[in-house]
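Note sheet for the following structure.
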Amino acid sequence: MGWLDESQFRTAPMADLDAVLRFHDPAYVDALRRAEETQSVSDADRERFRIGAEGNPVYAEIYRRPMTSAGGVMLACRLALEGGIVHCPGGGTHHGRPARASGFCYLNDPVLGLLTWLEAGLDNIVYLDIDAHHGDGVQDAFHDDDRVLTISIHEAGRWPFTGKVEDRAGGAARNLPVPAGFNDSEMRWLMEQAVLPLIHERRPQAIFLQCGADSLEEDPLAKLSLSNNAYFAAAAAVMDLAPRLVVTGGGGYNPYTVGRCWAGVWAVLNGITIPDRTTPAAEAILRGLVYNRAAGRNPPVHWFTTIRDEPRDGVVRDDVKRVASLTFPERLEA
Ligand SMILES: [Zn+2]
């Protein structure tokens, strides 16, 4: 789209092992390295670390890829320390556990980025997660830690089945589970009635926005119905709420809608107006993508020719209003 001045771009480095070991177990990280080297996993490692099990396949870059997104997110947090906004779309692996792979997350790069901020002396941080899945790994890492408030909007009743509205992680979390079909109007309601007031009240020194793109209507793994306008609005809304902002990616399993969403988020963060039509270069990239699901056989033309979706507004259902009000029970009591 011609939106990236090379001077704005930094290549993500592999993470320092020591920095990763602040959160992750050395034996687990070593098992990831071994899995990449041998492209296989022993029964013992599979059992103990869930590598090569469930949604955590062994793949060619199973060590270097997570180490690079961790390095990128930690660099993003260091760069943002001086103030400003850094976008690291390769990061956002919010399910990773200290000694276990989970939900295609091997390392937890948001946790490692947040630790970078805490070690630099920040003590009032908001982590906002709009991926369709609950940000369980991040919430659990900062359970009871009043320096990091984790807020997660996610589909109710979906894997990993945590993040109920009553679950506050000892005061350090707010969870906003939403029903299937969650639309742009409902997202606006939740942001305005619950999330933004919560952040306002807190006056954080830094915000970490996990922008997993699987809450989009066309994503095959979840049943939420957002258009990418909801993502653009969320990014725009948090930009002025703290002097430091890091935005990552996360889930997202339709390559067309992921690419359009995160490109548009970059535009929003840079104050770029998104034109009605993609440039020929952007269209060529989108047309070159491969998507091995039914919808990929005959993609609608707007997946190639636009960045911005049509809005998906609708009725704000009682389930959503209830979640917003339960996020502030202290107000209801007052
Ligand atoms: Zn997800």
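Order determines the names: the first chain of the structure tokens is A, the second B, and so forth; residues in each chain are numbered 1 upward, and ligands are numbered 1 upward as they are shown.
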Per residue of chain A within 12 Å of ligand 1, note the shortest atom pair and the distance in Å to one decimal, counting only C-alpha atoms and all ligand atoms, and order the rows by chain and increasing residue number, as a Markdown table.
| residue | atom | partner | partner_atom_place_in_ligand_line | distance |
| --- | --- | --- | --- | --- |
| A:Gly55 | CA | ligand 1 | 1 (Zn) | 12.0 |
| A:Gly92 | CA | ligand 1 | 1 (Zn) | 9.4 |
| A:Thr93 | CA | ligand 1 | 1 (Zn) | 8.8 |
| A:His94 | CA | ligand 1 | 1 (Zn) | 8.5 |
| A:His95 | CA | ligand 1 | 1 (Zn) | 8.8 |
| A:Ser102 | CA | ligand 1 | 1 (Zn) | 11.4 |
| A:Gly103 | CA | ligand 1 | 1 (Zn) | 8.2 |
| A:Phe104 | CA | ligand 1 | 1 (Zn) | 9.5 |
| A:Cys105 | CA | ligand 1 | 1 (Zn) | 10.1 |
| A:Asp129 | CA | ligand 1 | 1 (Zn) | 9.7 |
| A:Ile130 | CA | ligand 1 | 1 (Zn) | 8.7 |
| A:Asp131 | CA | ligand 1 | 1 (Zn) | 4.9 |
| A:Ala132 | CA | ligand 1 | 1 (Zn) | 4.8 |
| A:His133 | CA | ligand 1 | 1 (Zn) | 4.3 |
| A:His134 | CA | ligand 1 | 1 (Zn) | 7.5 |
| A:Gly135 | CA | ligand 1 | 1 (Zn) | 8.3 |
| A:Asp136 | CA | ligand 1 | 1 (Zn) | 10.8 |
| A:Ser152 | CA | ligand 1 | 1 (Zn) | 11.2 |
| A:Ile153 | CA | ligand 1 | 1 (Zn) | 10.8 |
| A:His154 | CA | ligand 1 | 1 (Zn) | 8.4 |
| A:Glu155 | CA | ligand 1 | 1 (Zn) | 9.5 |
| A:Arg158 | CA | ligand 1 | 1 (Zn) | 9.8 |
| A:Trp159 | CA | ligand 1 | 1 (Zn) | 9.0 |
| A:Pro160 | CA | ligand 1 | 1 (Zn) | 9.7 |
| A:Gln210 | CA | ligand 1 | 1 (Zn) | 10.0 |
| A:Cys211 | CA | ligand 1 | 1 (Zn) | 9.3 |
| A:Gly212 | CA | ligand 1 | 1 (Zn) | 5.9 |
| A:Ala213 | CA | ligand 1 | 1 (Zn) | 7.4 |
| A:Asp214 | CA | ligand 1 | 1 (Zn) | 5.5 |
| A:Ser215 | CA | ligand 1 | 1 (Zn) | 7.7 |
| A:Leu216 | CA | ligand 1 | 1 (Zn) | 10.6 |
| A:Asp219 | CA | ligand 1 | 1 (Zn) | 9.9 |
| A:Pro220 | CA | ligand 1 | 1 (Zn) | 10.8 |
| A:Leu221 | CA | ligand 1 | 1 (Zn) | 7.9 |
| A:Ala222 | CA | ligand 1 | 1 (Zn) | 8.0 |
| A:Lys223 | CA | ligand 1 | 1 (Zn) | 11.3 |
| A:Leu224 | CA | ligand 1 | 1 (Zn) | 11.2 |
| A:Gly249 | CA | ligand 1 | 1 (Zn) | 9.8 |
| A:Gly250 | CA | ligand 1 | 1 (Zn) | 6.4 |
| A:Gly251 | CA | ligand 1 | 1 (Zn) | 4.0 |
| A:Gly252 | CA | ligand 1 | 1 (Zn) | 6.6 |
| A:Tyr253 | CA | ligand 1 | 1 (Zn) | 8.8 |
| A:Asn254 | CA | ligand 1 | 1 (Zn) | 11.9 |
| A:Val258 | CA | ligand 1 | 1 (Zn) | 11.8 |
All residues 9 Å or closer to stretch 34-47 of chain A, only C-alpha atoms, same chain fewer than 3 positions away omitted, as a ChimeraX atom specification: /A:28-31,50-53,58-64
Test item: residues at most 12 Å from A:Gly271, only C-alpha atoms, excluding those fewer than 4 positions along its chain, as a VMD selection string: chain A and resid 3 85 232 235 to 236 239 264 to 267
Shortest interatomic distance to A:Ala233 - which of A:Leu112, A:Ala27, A:Ala70, A:Val268, counting only C-alpha atoms: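 Closest residue, counting only C-alpha atoms: A:Val268.
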Residue nearest A:Ala99 - candidates A:Asp309, A:Glu218, A:Asp25, A:Asp240, atoms counted: only C-alpha atoms: A:Asp25
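One distance worth recording is that between atom CA of A:Val195 and atom CA of A:Ala324, which is 8.3 Å.
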In stretch 40-93 of chain A, DSSP helix (DSSP H, G or I) residues written as a list in words: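 Those in stretch 40-93 of chain A that DSSP calls helix (DSSP H, G or I) are Asp43, Ala44, Asp45, Arg46, Glu47, Arg48, Phe49, Arg64, Arg65, Pro66, Met67, Thr68, Ser69, Ala70, Gly71, Gly72, Val73, Met74, Leu75, Ala76, Cys77, Arg78, Leu79 and Ala80 of chain A.
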Using only C-alpha atoms: which of A:His302, A:Arg308, A:Arg97, A:Arg48 has the shortest distance to A:Val20: A:Arg97
Selected residue of minimal separation from A:Ala172 among A:Ser185, A:Asn292, A:Ser69, A:Asn124, counting only C-alpha atoms: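 Closest to A:Ala172, using only C-alpha atoms: A:Asn124.
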Between stretch 190-241 of chain A and stretch 113-116 of chain A, at 12 Å or less, what are the per-residue closest atom pairs and their distances in Å? Count only C-alpha atoms, order by chain and rising residue number, and return it as CSV.
residue,atom,partner,partner_atom,distance
A:Gln205,CA,A:Leu114,CA,11.9
A:Ala206,CA,A:Leu114,CA,9.5
A:Ile207,CA,A:Leu114,CA,9.5
A:Phe208,CA,A:Leu114,CA,7.9
A:Leu209,CA,A:Leu114,CA,11.1
A:Gln210,CA,A:Gly113,CA,11.5
Contact residues around A:Asp140 with only C-alpha atoms at 12 Å, ignoring same-chain residues under 3 positions, as a PyMOL selection string: chain A and resi 23+94-98+108+111+134-137+143-145+148-150+162-163+167-173
Polymer residues at most 6 Å from A:Asn183, only C-alpha atoms, same-chain spacing of 4 or more positions, as a list in words: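 Here the qualifying residues turn out to be Ser225, Leu226, Arg312 and Asp313 of chain A.
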Shell around A:Ala12 at 10 Å using only C-alpha atoms, local window under 3 positions removed, as a ChimeraX atom specification: /A:9,15,67-76,88,90
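For A:Leu198, the residues within 10 Å (counting only C-alpha atoms, excluding itself and residues fewer than 3 positions away along the chain) are Val126, Leu149, Ile151, Arg174, Met191, Glu192, Gln193, Ala194, Val195, Glu201, Arg202, Arg203, Thr327 and Phe328 of chain A.
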Pull N, CA and C atoms from the residues just selected and write them as a PDB file, in the first residue's frame.
ATOM      1  N   VAL A 126      -1.735  -1.827  31.213  1.00  0.00           N
ATOM      2  CA  VAL A 126      -2.960  -2.512  30.791  1.00  0.00           C
ATOM      3  C   VAL A 126      -2.645  -3.407  29.601  1.00  0.00           C
ATOM      4  N   LEU A 149      -3.018  -5.019  34.601  1.00  0.00           N
ATOM      5  CA  LEU A 149      -4.434  -5.368  34.476  1.00  0.00           C
ATOM      6  C   LEU A 149      -4.631  -6.029  33.124  1.00  0.00           C
ATOM      7  N   ILE A 151      -7.187  -7.436  30.373  1.00  0.00           N
ATOM      8  CA  ILE A 151      -8.588  -7.361  29.947  1.00  0.00           C
ATOM      9  C   ILE A 151      -8.713  -8.204  28.683  1.00  0.00           C
ATOM     10  N   ARG A 174      -9.967  -8.525  34.060  1.00  0.00           N
ATOM     11  CA  ARG A 174     -11.375  -8.383  33.737  1.00  0.00           C
ATOM     12  C   ARG A 174     -11.626  -9.205  32.480  1.00  0.00           C
ATOM     13  N   MET A 191     -16.574  -1.573  24.373  1.00  0.00           N
ATOM     14  CA  MET A 191     -15.436  -0.652  24.507  1.00  0.00           C
ATOM     15  C   MET A 191     -15.875   0.598  25.268  1.00  0.00           C
ATOM     16  N   GLU A 192     -17.004   1.178  24.867  1.00  0.00           N
ATOM     17  CA  GLU A 192     -17.415   2.463  25.454  1.00  0.00           C
ATOM     18  C   GLU A 192     -17.952   2.314  26.866  1.00  0.00           C
ATOM     19  N   GLN A 193     -18.654   1.202  27.131  1.00  0.00           N
ATOM     20  CA  GLN A 193     -19.284   1.045  28.438  1.00  0.00           C
ATOM     21  C   GLN A 193     -18.365   0.389  29.469  1.00  0.00           C
ATOM     22  N   ALA A 194     -17.402  -0.363  29.017  1.00  0.00           N
ATOM     23  CA  ALA A 194     -16.600  -1.128  29.981  1.00  0.00           C
ATOM     24  C   ALA A 194     -15.101  -0.918  29.815  1.00  0.00           C
ATOM     25  N   VAL A 195     -14.578  -1.206  28.640  1.00  0.00           N
ATOM     26  CA  VAL A 195     -13.122  -1.272  28.494  1.00  0.00           C
ATOM     27  C   VAL A 195     -12.473   0.107  28.608  1.00  0.00           C
ATOM     28  N   GLU A 201      -9.778   5.081  34.043  1.00  0.00           N
ATOM     29  CA  GLU A 201      -9.698   5.113  35.490  1.00  0.00           C
ATOM     30  C   GLU A 201      -8.282   4.794  35.969  1.00  0.00           C
ATOM     31  N   ARG A 202      -7.646   3.917  35.256  1.00  0.00           N
ATOM     32  CA  ARG A 202      -6.352   3.391  35.640  1.00  0.00           C
ATOM     33  C   ARG A 202      -5.189   4.309  35.257  1.00  0.00           C
ATOM     34  N   ARG A 203      -5.373   5.129  34.210  1.00  0.00           N
ATOM     35  CA  ARG A 203      -4.297   5.992  33.705  1.00  0.00           C
ATOM     36  C   ARG A 203      -2.982   5.227  33.557  1.00  0.00           C
ATOM     37  N   THR A 327     -18.735  -5.923  34.470  1.00  0.00           N
ATOM     38  CA  THR A 327     -17.341  -5.500  34.544  1.00  0.00           C
ATOM     39  C   THR A 327     -17.178  -4.383  35.570  1.00  0.00           C
ATOM     40  N   PHE A 328     -18.294  -3.721  35.869  1.00  0.00           N
ATOM     41  CA  PHE A 328     -18.284  -2.613  36.847  1.00  0.00           C
ATOM     42  C   PHE A 328     -19.291  -2.822  37.950  1.00  0.00           C
TER      43      PHE A 328
END
Nearest-residue call for A:Leu81, choices A:Arg244, A:Arg188, A:Arg65, A:Arg33, using only C-alpha atoms: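 Using only C-alpha atoms, the shortest distance to A:Leu81 belongs to A:Arg244.
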